[in-house]
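Visitor: Sending over coords-v1.tsv (TSV, C-alpha atoms).
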chain	number	residue	atom	x	y	z
A	27	MET	CA	-29.15	1.03	8.12
A	28	LEU	CA	-27.14	0.07	5.05
A	29	ARG	CA	-27.00	3.67	3.88
A	30	GLY	CA	-23.47	3.26	2.53
A	31	ALA	CA	-24.35	0.06	0.75
A	32	ARG	CA	-27.41	1.63	-0.88
A	33	LEU	CA	-25.42	4.62	-2.13
A	34	TRP	CA	-22.88	2.27	-3.65
A	35	TYR	CA	-25.59	0.12	-5.18
A	36	LYS	CA	-27.21	3.11	-6.91
A	37	ARG	CA	-24.06	3.88	-8.88
A	38	PRO	CA	-24.86	3.40	-12.58
A	39	VAL	CA	-22.16	0.84	-13.31
A	40	ARG	CA	-23.57	-1.59	-15.86
A	41	SER	CA	-22.04	-4.29	-18.00
A	42	LYS	CA	-23.23	-6.15	-21.08
A	43	CYS	CA	-23.60	-9.90	-21.18
A	44	PRO	CA	-20.69	-10.92	-23.50
A	45	GLU	CA	-18.30	-8.84	-21.39
A	46	THR	CA	-19.80	-10.35	-18.26
A	47	MET	CA	-19.25	-13.87	-19.62
A	48	THR	CA	-15.63	-13.14	-20.54
A	49	SER	CA	-14.97	-11.59	-17.13
A	50	ALA	CA	-16.67	-14.51	-15.40
A	51	LEU	CA	-14.45	-16.98	-17.27
A	52	ILE	CA	-11.31	-15.00	-16.40
A	53	HIS	CA	-12.31	-14.75	-12.73
A	54	THR	CA	-13.13	-18.47	-12.59
A	55	ALA	CA	-9.70	-19.27	-14.10
A	56	VAL	CA	-7.99	-17.00	-11.55
A	57	GLY	CA	-9.94	-18.77	-8.79
A	58	LEU	CA	-8.97	-22.21	-10.10
A	59	LEU	CA	-5.29	-21.27	-10.19
A	60	GLY	CA	-5.33	-19.54	-6.80
A	61	GLY	CA	-7.36	-22.29	-5.14
A	62	ALA	CA	-5.21	-25.10	-6.53
A	63	LEU	CA	-1.81	-23.54	-5.86
A	64	GLY	CA	-2.88	-22.20	-2.47
A	65	ALA	CA	-4.15	-25.60	-1.37
A	66	LEU	CA	-1.11	-27.47	-2.72
A	67	VAL	CA	1.39	-25.40	-0.74
A	68	GLY	CA	-0.86	-24.65	2.25
A	69	LEU	CA	-0.91	-20.86	1.88
A	70	GLY	CA	-4.60	-20.40	1.11
A	71	GLY	CA	-5.67	-18.86	-2.20
A	72	GLY	CA	-5.90	-15.21	-1.16
A	73	VAL	CA	-2.19	-14.52	-1.52
A	74	LEU	CA	-2.43	-15.05	-5.29
A	75	LEU	CA	-6.00	-13.89	-5.93
A	76	VAL	CA	-5.72	-10.21	-5.03
A	77	PRO	CA	-2.56	-9.36	-7.03
A	78	VAL	CA	-3.68	-11.32	-10.10
A	79	LEU	CA	-7.16	-9.74	-10.07
A	80	THR	CA	-5.72	-6.27	-9.52
A	81	LEU	CA	-2.74	-6.38	-11.86
A	82	PHE	CA	-4.08	-8.48	-14.74
A	83	ALA	CA	-7.90	-8.46	-14.60
A	84	GLY	CA	-8.40	-4.74	-13.91
A	85	VAL	CA	-10.45	-5.29	-10.76
A	86	PRO	CA	-10.30	-2.34	-8.27
A	87	ILE	CA	-8.20	-3.42	-5.29
A	88	HIS	CA	-10.95	-3.00	-2.66
A	89	GLN	CA	-13.30	-5.22	-4.75
A	90	ALA	CA	-10.47	-7.74	-5.24
A	91	ILE	CA	-9.85	-7.87	-1.47
A	92	ALA	CA	-13.59	-8.33	-0.77
A	93	ALA	CA	-13.87	-11.11	-3.37
A	94	SER	CA	-10.77	-12.81	-2.00
A	95	LEU	CA	-12.17	-12.73	1.55
A	96	VAL	CA	-15.37	-14.45	0.43
A	97	ALA	CA	-13.28	-17.02	-1.48
A	98	VAL	CA	-11.21	-17.61	1.67
A	99	VAL	CA	-14.45	-18.32	3.59
A	100	ALA	CA	-15.43	-20.85	0.89
A	101	THR	CA	-12.11	-22.71	0.80
A	102	SER	CA	-11.77	-22.68	4.58
A	103	THR	CA	-15.30	-24.05	4.98
A	104	ALA	CA	-14.76	-26.74	2.34
A	105	ALA	CA	-11.50	-27.90	3.92
A	106	ALA	CA	-12.81	-27.66	7.49
A	107	VAL	CA	-15.69	-30.09	6.75
A	108	GLY	CA	-13.16	-32.95	6.58
A	109	TYR	CA	-10.62	-31.62	9.08
A	110	VAL	CA	-13.26	-31.12	11.79
A	111	ARG	CA	-15.00	-34.45	11.12
A	112	ASP	CA	-11.65	-36.27	11.37
A	113	GLU	CA	-10.71	-34.28	14.50
A	114	ARG	CA	-7.53	-32.83	13.03
A	115	SER	CA	-8.62	-29.25	13.81
A	116	ASN	CA	-8.21	-28.30	17.45
A	117	MET	CA	-11.52	-26.49	17.93
A	118	ARG	CA	-10.82	-25.28	21.49
A	119	LEU	CA	-7.50	-23.75	20.45
A	120	GLY	CA	-9.09	-22.35	17.25
A	121	MET	CA	-11.97	-20.70	19.12
A	122	THR	CA	-9.59	-19.22	21.70
A	123	LEU	CA	-7.35	-17.69	19.01
A	124	GLU	CA	-10.41	-16.49	17.08
A	125	THR	CA	-11.21	-14.06	19.91
A	126	SER	CA	-8.13	-12.20	18.76
A	127	THR	CA	-8.12	-12.86	14.97
A	128	THR	CA	-11.69	-11.54	14.59
A	129	VAL	CA	-10.89	-8.30	16.46
A	130	GLY	CA	-7.81	-7.92	14.24
A	131	ALA	CA	-9.89	-8.64	11.14
A	132	VAL	CA	-12.43	-5.92	12.01
A	133	ALA	CA	-9.59	-3.46	12.66
A	134	GLY	CA	-7.96	-4.44	9.33
A	135	GLY	CA	-11.24	-4.10	7.46
A	136	LEU	CA	-11.76	-0.61	8.89
A	137	ALA	CA	-8.18	0.40	8.08
A	138	ALA	CA	-8.48	-0.85	4.48
A	139	ALA	CA	-11.37	1.54	3.83
A	140	LEU	CA	-9.11	4.45	4.83
A	141	LEU	CA	-6.14	3.45	2.65
A	142	ASP	CA	-5.82	4.24	-1.06
A	143	ARG	CA	-4.80	1.87	-3.86
A	144	GLU	CA	-1.10	2.75	-3.69
A	145	ALA	CA	-0.84	2.19	0.06
A	146	LEU	CA	-2.63	-1.17	-0.19
A	147	CYS	CA	-0.41	-2.24	-3.11
A	148	ALA	CA	2.72	-1.35	-1.08
A	149	LEU	CA	1.48	-3.34	1.93
A	150	PHE	CA	0.53	-6.23	-0.33
A	151	GLY	CA	3.94	-6.21	-2.00
A	152	ALA	CA	5.63	-6.49	1.40
A	153	ALA	CA	3.27	-9.30	2.48
A	154	LEU	CA	3.97	-11.21	-0.77
A	155	LEU	CA	7.73	-10.94	-0.26
A	156	LEU	CA	7.35	-12.33	3.28
A	157	SER	CA	5.15	-15.19	1.99
A	158	ALA	CA	7.74	-16.00	-0.69
A	159	ALA	CA	10.50	-16.04	1.94
A	160	HIS	CA	8.40	-18.28	4.20
A	161	LEU	CA	7.83	-20.74	1.33
A	162	LEU	CA	11.55	-20.93	0.51
A	163	LEU	CA	12.94	-21.05	4.05
A	164	ARG	CA	10.28	-22.89	6.12
A	165	PRO	CA	12.27	-23.41	9.34
A	166	ALA	CA	11.61	-26.83	10.86
A	167	PRO	CA	9.74	-26.54	14.17
A	168	ARG	CA	11.31	-28.23	17.21
A	169	ARG	CA	8.92	-29.57	19.79
A	170	ARG	CA	8.82	-32.18	22.53
A	171	GLU	CA	5.94	-34.63	22.44
A	172	PRO	CA	4.28	-35.12	25.85
A	173	ASP	CA	4.96	-38.45	27.58
A	174	PRO	CA	2.10	-41.00	27.52
A	175	GLY	CA	-0.28	-40.16	30.36
A	176	GLU	CA	1.04	-36.59	30.68
A	177	ALA	CA	-1.78	-34.03	30.92
A	178	LEU	CA	-2.30	-32.01	27.71
A	179	GLY	CA	-3.87	-28.96	29.38
A	180	LEU	CA	-7.10	-27.24	28.38
A	181	LEU	CA	-6.00	-26.48	24.82
A	182	GLY	CA	-3.79	-29.46	24.00
A	183	GLY	CA	-4.95	-32.26	21.75
A	184	GLY	CA	-4.13	-35.22	19.56
A	185	TYR	CA	-4.80	-36.53	16.09
A	186	TYR	CA	-4.09	-39.65	14.10
A	187	ASP	CA	-1.25	-39.19	11.62
A	188	PRO	CA	-1.55	-41.81	8.85
A	189	ALA	CA	2.04	-41.16	7.67
A	190	MET	CA	3.40	-41.97	11.14
A	191	GLY	CA	0.79	-44.65	11.81
A	192	ARG	CA	0.05	-43.39	15.31
A	193	VAL	CA	-1.68	-40.71	17.37
A	194	VAL	CA	0.34	-37.50	17.77
A	195	ARG	CA	-0.29	-35.65	21.06
A	196	TYR	CA	0.71	-32.10	21.92
A	197	ARG	CA	0.50	-29.38	24.54
A	198	VAL	CA	-0.05	-25.71	23.62
A	199	ARG	CA	2.61	-23.26	24.82
A	200	ARG	CA	2.91	-19.44	24.90
A	201	LEU	CA	-0.79	-18.68	24.52
A	202	PRO	CA	-0.46	-14.89	25.14
A	203	LEU	CA	2.12	-14.65	22.34
A	204	GLY	CA	-0.14	-16.75	20.12
A	205	LEU	CA	-3.05	-14.39	20.79
A	206	ALA	CA	-0.90	-11.37	19.88
A	207	VAL	CA	0.27	-12.96	16.61
A	208	SER	CA	-3.34	-13.98	15.88
A	209	PHE	CA	-4.41	-10.35	16.17
A	210	ALA	CA	-1.79	-9.44	13.55
A	211	ALA	CA	-2.91	-12.35	11.33
A	212	GLY	CA	-6.52	-11.18	11.55
A	213	GLY	CA	-5.47	-7.62	10.79
A	214	LEU	CA	-3.59	-8.73	7.66
A	215	SER	CA	-6.60	-10.80	6.59
A	216	GLY	CA	-9.00	-7.87	6.90
A	217	LEU	CA	-6.60	-5.39	5.35
A	218	LEU	CA	-5.41	-7.43	2.38
A	219	GLY	CA	-7.96	-10.25	1.98
A	220	ILE	CA	-5.34	-12.99	2.17
A	221	GLY	CA	-6.66	-15.06	5.08
A	222	GLY	CA	-4.53	-15.39	8.18
A	223	GLY	CA	-2.88	-18.70	7.24
A	224	PRO	CA	0.53	-17.46	6.09
A	225	VAL	CA	1.06	-15.93	9.56
A	226	GLN	CA	-1.07	-18.23	11.70
A	227	VAL	CA	0.35	-21.62	10.65
A	228	PRO	CA	4.05	-20.80	11.26
A	229	ALA	CA	3.14	-19.03	14.52
A	230	MET	CA	1.29	-22.09	15.86
A	231	ALA	CA	4.00	-24.48	14.69
A	232	LEU	CA	7.10	-22.48	15.66
A	233	LEU	CA	5.92	-20.57	18.74
A	234	MET	CA	3.10	-22.58	20.28
A	235	GLY	CA	4.36	-26.15	19.91
A	236	VAL	CA	1.47	-27.34	17.71
A	237	PRO	CA	2.47	-30.01	15.13
A	238	MET	CA	2.41	-28.69	11.54
A	239	LYS	CA	-0.56	-30.83	10.43
A	240	ALA	CA	-2.70	-29.79	13.40
A	241	ALA	CA	-1.60	-26.15	12.93
A	242	ALA	CA	-2.62	-26.20	9.24
A	243	ALA	CA	-5.99	-27.85	10.01
A	244	THR	CA	-6.70	-25.50	12.94
A	245	SER	CA	-5.71	-22.43	10.90
A	246	ASN	CA	-8.04	-23.58	8.11
A	247	PHE	CA	-10.84	-23.99	10.65
A	248	MET	CA	-10.22	-20.45	11.93
A	249	MET	CA	-9.74	-18.72	8.57
A	250	GLY	CA	-13.44	-18.81	7.65
A	251	VAL	CA	-14.52	-16.97	10.80
A	252	THR	CA	-11.60	-14.52	10.55
A	253	ALA	CA	-12.33	-13.68	6.90
A	254	CYS	CA	-16.06	-13.49	7.63
A	255	ALA	CA	-15.50	-10.78	10.28
A	256	SER	CA	-14.12	-8.38	7.67
A	257	ALA	CA	-16.06	-9.68	4.62
A	258	ALA	CA	-19.27	-8.57	6.38
A	259	LEU	CA	-17.83	-5.04	6.58
A	260	TYR	CA	-16.95	-5.04	2.86
A	261	TYR	CA	-20.45	-6.31	1.93
A	262	ALA	CA	-22.22	-3.70	4.03
A	263	ARG	CA	-20.11	-1.03	2.34
A	264	GLY	CA	-21.10	-2.21	-1.14
A	265	MET	CA	-17.60	-3.43	-2.08
A	266	VAL	CA	-18.63	-7.04	-2.82
A	267	ASN	CA	-19.16	-7.37	-6.59
A	268	PRO	CA	-20.93	-10.69	-7.35
A	269	GLY	CA	-19.64	-10.52	-10.95
A	270	VAL	CA	-16.12	-10.98	-9.56
A	271	THR	CA	-16.87	-12.82	-6.32
A	272	VAL	CA	-19.16	-15.64	-7.53
A	273	PRO	CA	-16.93	-16.98	-10.36
A	274	LEU	CA	-13.91	-16.56	-8.09
A	275	VAL	CA	-15.54	-18.55	-5.28
A	276	LEU	CA	-16.67	-21.33	-7.63
A	277	GLY	CA	-13.24	-21.46	-9.29
A	278	THR	CA	-11.36	-21.43	-6.00
A	279	ALA	CA	-13.49	-24.19	-4.51
A	280	ALA	CA	-13.01	-26.33	-7.65
A	281	GLY	CA	-9.26	-25.61	-7.68
A	282	ALA	CA	-8.84	-26.52	-4.02
A	283	TRP	CA	-10.86	-29.71	-4.56
A	284	ALA	CA	-8.75	-30.68	-7.61
A	285	ALA	CA	-5.56	-29.95	-5.68
A	286	SER	CA	-6.64	-32.27	-2.87
A	287	ARG	CA	-6.91	-35.06	-5.51
A	288	LEU	CA	-3.67	-34.22	-7.36
A	289	GLY	CA	-1.60	-33.17	-4.36
A	290	ARG	CA	-0.03	-36.54	-3.70
A	291	ARG	CA	1.36	-36.78	-7.26
A	292	ILE	CA	3.07	-33.39	-7.36
A	293	PRO	CA	6.44	-32.88	-5.63
A	294	GLY	CA	5.70	-30.29	-2.92
A	295	GLU	CA	9.19	-28.75	-2.67
A	296	ARG	CA	9.45	-27.87	-6.37
A	297	LEU	CA	5.95	-26.43	-6.32
A	298	SER	CA	6.77	-24.31	-3.28
A	299	ALA	CA	9.87	-22.97	-5.01
A	300	LEU	CA	7.86	-22.18	-8.18
A	301	LEU	CA	5.15	-20.41	-6.18
A	302	ALA	CA	7.78	-18.46	-4.22
A	303	VAL	CA	9.20	-17.14	-7.53
A	304	ILE	CA	5.68	-16.23	-8.74
A	305	LEU	CA	4.91	-14.45	-5.45
A	306	ALA	CA	8.20	-12.54	-5.60
A	307	LEU	CA	7.44	-11.37	-9.16
A	308	LEU	CA	3.92	-10.33	-8.15
A	309	ALA	CA	5.39	-8.51	-5.13
A	310	LEU	CA	7.71	-6.49	-7.39
A	311	GLN	CA	4.81	-5.62	-9.69
A	312	MET	CA	2.64	-4.55	-6.73
A	313	LEU	CA	5.47	-2.40	-5.37
A	314	ARG	CA	5.96	-0.83	-8.84
A	315	THR	CA	2.24	-0.01	-8.90
A	316	ALA	CA	2.45	1.42	-5.39
A	317	PHE	CA	5.38	3.69	-6.16
A	318	GLY	CA	4.19	4.95	-9.53
A	319	GLY	CA	6.03	2.66	-11.92
A	320	ALA	CA	2.83	1.19	-13.41
B	14	MET	CA	-11.54	-43.18	2.33
B	15	THR	CA	-11.15	-41.19	5.52
B	16	ASP	CA	-8.25	-41.68	7.85
B	17	PRO	CA	-8.77	-43.35	11.21
B	18	VAL	CA	-9.63	-40.68	13.76
B	19	VAL	CA	-8.82	-40.03	17.36
B	20	VAL	CA	-11.91	-41.16	19.22
B	21	SER	CA	-12.62	-38.48	21.81
B	22	GLU	CA	-15.42	-36.99	23.83
B	23	ASP	CA	-15.65	-34.24	21.21
B	24	ARG	CA	-16.73	-36.64	18.46
B	25	GLU	CA	-20.43	-35.68	18.51
B	26	LEU	CA	-19.71	-31.94	18.51
B	27	ASN	CA	-17.19	-32.33	15.67
B	28	VAL	CA	-19.74	-34.19	13.55
B	29	SER	CA	-22.39	-31.49	14.21
B	30	VAL	CA	-19.98	-28.68	13.24
B	31	SER	CA	-18.86	-30.58	10.13
B	32	ARG	CA	-22.49	-31.04	9.05
B	33	VAL	CA	-23.31	-27.34	9.54
B	34	LEU	CA	-20.30	-26.37	7.43
B	35	ALA	CA	-21.23	-28.82	4.66
B	36	LEU	CA	-24.87	-27.71	4.65
B	37	GLY	CA	-23.99	-23.98	4.54
B	38	LEU	CA	-21.44	-24.44	1.77
B	39	SER	CA	-23.81	-26.58	-0.34
B	40	ALA	CA	-26.68	-24.08	-0.01
B	41	ALA	CA	-24.37	-21.16	-0.86
B	42	VAL	CA	-22.89	-22.84	-3.94
B	43	ALA	CA	-26.35	-23.93	-5.14
B	44	SER	CA	-27.67	-20.36	-4.88
B	45	MET	CA	-24.59	-18.96	-6.67
B	46	LEU	CA	-24.92	-21.52	-9.48
B	47	LEU	CA	-28.65	-20.77	-9.84
B	48	GLY	CA	-27.92	-17.03	-10.08
B	49	THR	CA	-25.19	-17.64	-12.66
B	50	ALA	CA	-27.47	-19.92	-14.72
B	51	LEU	CA	-30.24	-17.27	-14.65
B	52	GLU	CA	-27.74	-14.58	-15.65
B	53	MET	CA	-26.63	-16.61	-18.68
B	54	ALA	CA	-30.20	-17.57	-19.62
B	55	LEU	CA	-31.65	-14.05	-19.35
B	56	GLY	CA	-28.62	-12.24	-20.81
B	57	GLU	CA	-29.73	-8.95	-19.31
B	58	PRO	CA	-27.36	-6.18	-18.14
B	59	VAL	CA	-26.51	-6.57	-14.48
B	60	SER	CA	-25.28	-4.29	-11.72
B	61	ASP	CA	-21.69	-4.61	-10.51
B	62	GLN	CA	-22.81	-4.46	-6.87
B	63	ALA	CA	-24.30	-7.04	-4.53
B	64	VAL	CA	-27.94	-6.50	-3.63
B	65	PRO	CA	-28.23	-4.73	-0.24
B	66	LEU	CA	-29.86	-6.79	2.50
B	67	GLY	CA	-32.95	-4.57	2.65
B	68	ARG	CA	-33.81	-5.21	-1.02
B	69	LEU	CA	-32.84	-8.87	-1.20
B	70	ALA	CA	-36.23	-10.48	-0.54
B	71	GLY	CA	-37.98	-8.27	-3.13
B	72	GLU	CA	-35.38	-8.93	-5.82
B	73	LEU	CA	-35.40	-12.67	-5.11
B	74	GLY	CA	-39.16	-12.57	-5.68
B	75	LEU	CA	-38.55	-10.92	-9.06
B	76	GLY	CA	-36.11	-13.71	-9.98
B	77	ARG	CA	-33.13	-11.37	-10.45
B	78	PRO	CA	-29.83	-13.27	-11.03
B	79	ARG	CA	-27.79	-10.88	-8.86
B	80	ALA	CA	-30.21	-11.50	-5.95
B	81	PHE	CA	-29.54	-15.27	-6.06
B	82	GLN	CA	-25.81	-14.67	-6.33
B	83	THR	CA	-25.95	-12.25	-3.37
B	84	LEU	CA	-27.99	-14.78	-1.40
B	85	GLY	CA	-25.24	-17.35	-2.08
B	86	ILE	CA	-22.57	-14.97	-0.83
B	87	LEU	CA	-24.61	-14.18	2.30
B	88	LEU	CA	-25.28	-17.88	2.98
B	89	LEU	CA	-21.55	-18.47	2.72
B	90	LEU	CA	-20.80	-15.64	5.16
B	91	ALA	CA	-23.52	-16.92	7.51
B	92	THR	CA	-21.93	-20.39	7.67
B	93	PRO	CA	-19.05	-19.43	10.03
B	94	PHE	CA	-21.60	-17.60	12.21
B	95	ALA	CA	-23.68	-20.79	12.40
B	96	ARG	CA	-20.58	-22.87	13.16
B	97	VAL	CA	-19.65	-20.61	16.10
B	98	ALA	CA	-23.26	-20.70	17.37
B	99	VAL	CA	-23.33	-24.52	17.22
B	100	LEU	CA	-20.06	-24.68	19.17
B	101	ALA	CA	-21.33	-22.19	21.77
B	102	ALA	CA	-24.51	-24.23	22.29
B	103	GLY	CA	-22.53	-27.50	22.38
B	104	TYR	CA	-20.07	-26.27	25.01
B	105	LEU	CA	-22.92	-24.79	27.04
B	106	ARG	CA	-24.83	-28.08	26.96
B	107	ARG	CA	-21.76	-29.94	28.20
B	108	GLY	CA	-21.17	-27.46	31.02
B	109	GLU	CA	-17.89	-26.16	29.54
B	110	ARG	CA	-18.59	-22.57	30.52
B	111	ARG	CA	-15.13	-21.24	29.67
B	112	PHE	CA	-15.32	-22.34	26.01
B	113	ALA	CA	-19.01	-21.40	25.77
B	114	ALA	CA	-18.07	-17.88	26.88
B	115	ILE	CA	-15.20	-17.77	24.36
B	116	SER	CA	-17.60	-18.86	21.58
B	117	PHE	CA	-20.15	-16.19	22.56
B	118	LEU	CA	-17.36	-13.61	22.54
B	119	VAL	CA	-16.42	-14.54	18.95
B	120	LEU	CA	-20.11	-14.42	18.01
B	121	ALA	CA	-20.34	-10.94	19.55
B	122	VAL	CA	-17.34	-9.68	17.53
B	123	LEU	CA	-18.86	-11.08	14.31
B	124	THR	CA	-22.20	-9.40	15.07
B	125	PHE	CA	-20.39	-6.15	15.89
B	126	SER	CA	-18.64	-6.20	12.50
B	127	VAL	CA	-21.99	-6.58	10.69
B	128	LEU	CA	-23.55	-3.73	12.69
B	129	LEU	CA	-20.46	-1.57	12.17
B	130	GLY	CA	-20.57	-2.10	8.41
B	131	SER	CA	-24.32	-1.45	8.29
B	132	ARG	CA	-23.83	1.97	9.80
B	133	GLY	CA	-21.31	2.85	7.07
Let's see the structure in the file written out as structure tokens.

Guide:
Amino acid sequence: MLRGARLWYKRPVRSKCPETMTSALIHTAVGLLGGALGALVGLGGGVLLVPVLTLFAGVPIHQAIAASLVAVVATSTAAAVGYVRDERSNMRLGMTLETSTTVGAVAGGLAAALLDREALCALFGAALLLSAAHLLLRPAPRRREPDPGEALGLLGGGYYDPAMGRVVRYRVRRLPLGLAVSFAAGGLSGLLGIGGGPVQVPAMALLMGVPMKAAAATSNFMMGVTACASAALYYARGMVNPGVTVPLVLGTAAGAWAASRLGRRIPGERLSALLAVILALLALQMLRTAFGGA
Amino acid sequence: MTDPVVVSEDRELNVSVSRVLALGLSAAVASMLLGTALEMALGEPVSDQAVPLGRLAGELGLGRPRAFQTLGILLLLATPFARVAVLAAGYLRRGERRFAAISFLVLAVLTFSVLLGSRG
């Protein structure tokens, strides 16, 4: 048991305290930024954390992915406390889709161990470009709300929307397609440490007929379990570095908390456009790294 | 102030799950902060790796900062496990066998991932 982890642990990598402090401050700042921006635009922090840690903080990409996964568990858990209590997360739908995201996450975690830095950077660059495009385009979902008294099915639900001042009800459609997309979302999460949100939320909203707010809350509820499935693999393999992970988790949680307080005062569309530009620039840098330009 | 909620039959289960998540997160953050405070106070060189599970209890007993930080990370990773277990038990208690089975399936995949990683 834990043979791989022990071998990794015995490696004589040591650091002195002043360097540790500086690194901890840098990782906390990265977490704050990633947590705040991720929460403000609903992407989750992982999309920013891995490229920034890898490109600018000199963290090996497998350690950055592992740290990001643990941070995703933290932010998902923190957000889910409120979403679940207020019944915005659809737990039955979330659990059903988790049967497929967790299998995908394990497969992604296993695949990541087989891929080298360049291959992971190339995949990450492509994922960042897709996230940037999603932020800029965001097609509006079209859905029909069930009539009052109409059955919602086993997975349907409802939540109170304070902006609309009423309860929004919905049925869930195309479950098999949702399960297939969830597998891909879990795979991306395990492979790149970004959480499944960037794939899961649009899939639920556009393909399955779930209102955007319920989709975001349900995805958040699911993300912790999905990230946990592959984070456990990374830990057992000795790829979780507490010197990176702990400040990142604390920073991300603080950033997401601050964003939840500031969010109402910041215009969401401008922020999304700004983040899309940042993601596109990071994508180009990751692709340059992948193909030997850096 | 929280928003008004949809009052449903799931209310009790939702509150239980929310409490488990809050408890797990608080314990994890407290352990991470303690480890970080010890690291700053002691100022000793530290390993770049998390403490393996087999050594964790011993190193916690020695008051090693990395052990408390690792414990925090593990508590955080255990929180989604606990949440799924609470849901499985809740659905089982209410006779919702389909969702209890789904919850146990997710729990099985999570356990499989830990065992898979442990074998390297």

Visitor: One decimal, in Å: what's the spacing between CA of Tyr186 (chain A) and CA of Val97 (chain B)?

Guide: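 These atoms are spaced 24.7 Å apart.
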
Visitor: As a list in words, please: the residues near Ala105 (chain A) (cut-off 9 Å, all atoms listed in the file, same-chain neighbours under 2 positions excluded).

Guide: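 After dropping sequence-adjacent residues, the list is Ala100, Thr101, Ser102, Thr103, Val107, Gly108, Tyr109, Val110, Ala243, Asn246, Phe247, Ala282 and Trp283 of chain A.
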
Visitor: Using all atoms listed in the file, tabulate the residues of region 147-234 of chain A lying at most 8 Å from any atom of region 127-143 of chain A, each with its closest atom pair and that distance in Å to one decimal, by chain and increasing residue number, as a tab-separated table.

Guide:
residue	atom	partner	partner_atom	distance
A:Cys147	CA	A:Arg143	CA	6.1
A:Leu205	CA	A:Thr127	CA	7.9
A:Ser208	CA	A:Thr127	CA	5.0
A:Phe209	CA	A:Gly130	CA	4.6
A:Ala210	CA	A:Gly130	CA	6.2
A:Ala211	CA	A:Thr127	CA	6.4
A:Gly212	CA	A:Thr127	CA	4.1
A:Gly213	CA	A:Gly130	CA	4.2
A:Leu214	CA	A:Gly134	CA	6.3
A:Ser215	CA	A:Ala131	CA	6.0
A:Gly216	CA	A:Gly134	CA	4.3
A:Leu217	CA	A:Gly134	CA	4.3
A:Leu218	CA	A:Ala138	CA	7.6

Visitor: Pick out the residues sitting within 9 Å of Gly184 (chain A), and hand them over as a list in words; count all atoms listed in the file, and ignore anything fewer than 6 positions along from it in its own chain.

Guide: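 The filter keeps Glu113, Arg114, Asn116, Leu178, Val193, Val194, Arg195, Tyr196, Arg197 and Ala240 of chain A; Val19 of chain B.
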
Visitor: I need the residue nearest chain A from this list: B:Gln62, B:Pro78, B:Val33, B:Ala43. Use all atoms listed in the file for the distance.

Guide: B:Gln62

Visitor: Near Leu129 (chain B), counting all atoms listed in the file, which residues have an atom at most 12 Å away, once you skip same-chain residues fewer than 5 positions from it, shown as a VMD selection string?

Guide: (chain A and resid 27 to 30 132 to 133 135 to 136 255 to 263) or (chain B and resid 121 to 124)

Visitor: Please determine, counting all atoms listed in the file, which residue among A:Arg111, A:Gly72, A:Ala90, A:Val99 has the shortest atom-to-atom distance to Leu26 (chain B).

Guide: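 With all atoms listed in the file as the atom set, the closest residue is A:Arg111.
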
Visitor: Out of A:Leu233, A:Val73, A:Ile304, A:Met117, which residue has the shortest atom-to-atom distance to chain B when counting all atoms listed in the file?

Guide: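 Smallest separation from chain B among the options: A:Met117.
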
Visitor: Need the shell around Ala306 (chain A): protein/DNA/RNA residues with any atom at most 7 Å away, counting all atoms listed in the file. Skip same-chain ones fewer than 2 positions apart. Format as a list in words?

Guide: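 So the residues in contact are Leu154, Leu155, Ala158, Ala302, Val303, Ile304, Leu308, Ala309 and Leu310 of chain A.
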
Visitor: Just the number, please: distance in Å from CA of Glu124 (chain A) to CA of Ile220 (chain A), one decimal.

Guide: 16.1 Å

Visitor: Within 9 Å of Thr278 (chain A), counting all atoms listed in the file, which residues qualify if same-chain residues fewer than 4 places away don't, as a list in words?

Guide: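 The filter keeps Thr54, Ala55, Val56, Gly57, Leu58, Leu59, Gly60, Gly61, Ala62, Gly71, Ala97, Val98, Ala100, Thr101, Pro273, Leu274, Ala282 and Trp283 of chain A.
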
Visitor: Using only C-alpha atoms, which residue out of B:Thr92, B:Ser44, B:Asp61, B:Tyr104 lies closest to Leu73 (chain B)?

Guide: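 Checking each of B:Thr92, B:Ser44, B:Asp61, B:Tyr104 against Leu73 (chain B), counting only C-alpha atoms, the winner is B:Ser44.
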
Visitor: For Glu52 (chain B), which residue among A:Val272, A:Val227, A:Leu63, A:Leu307 is the nearest when counting only C-alpha atoms?

Guide: A:Val272

Visitor: Pick the closest to chain B from A:Gly204, A:Pro172, A:Gly269, A:Gly120: which is it, counting all atoms listed in the file?

Guide: A:Gly269

Visitor: What does the distance between CA of Thr122 (chain A) and CA of Gly37 (chain B) come to in Å, to one decimal place?

Guide: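 Computing it gives 22.9 Å between the two atoms.
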
Visitor: What are the centre and edge lengths in Å, to one decimal, of the axis-aligned box around all listed atoms of region 46-60 of chain A with 4 Å added on each side, as lines of an AutoDock Vina configuration file?

Guide:
center_x = -12.5
center_y = -16.3
center_z = -13.7
size_x = 22.5
size_y = 19.9
size_z = 21.7
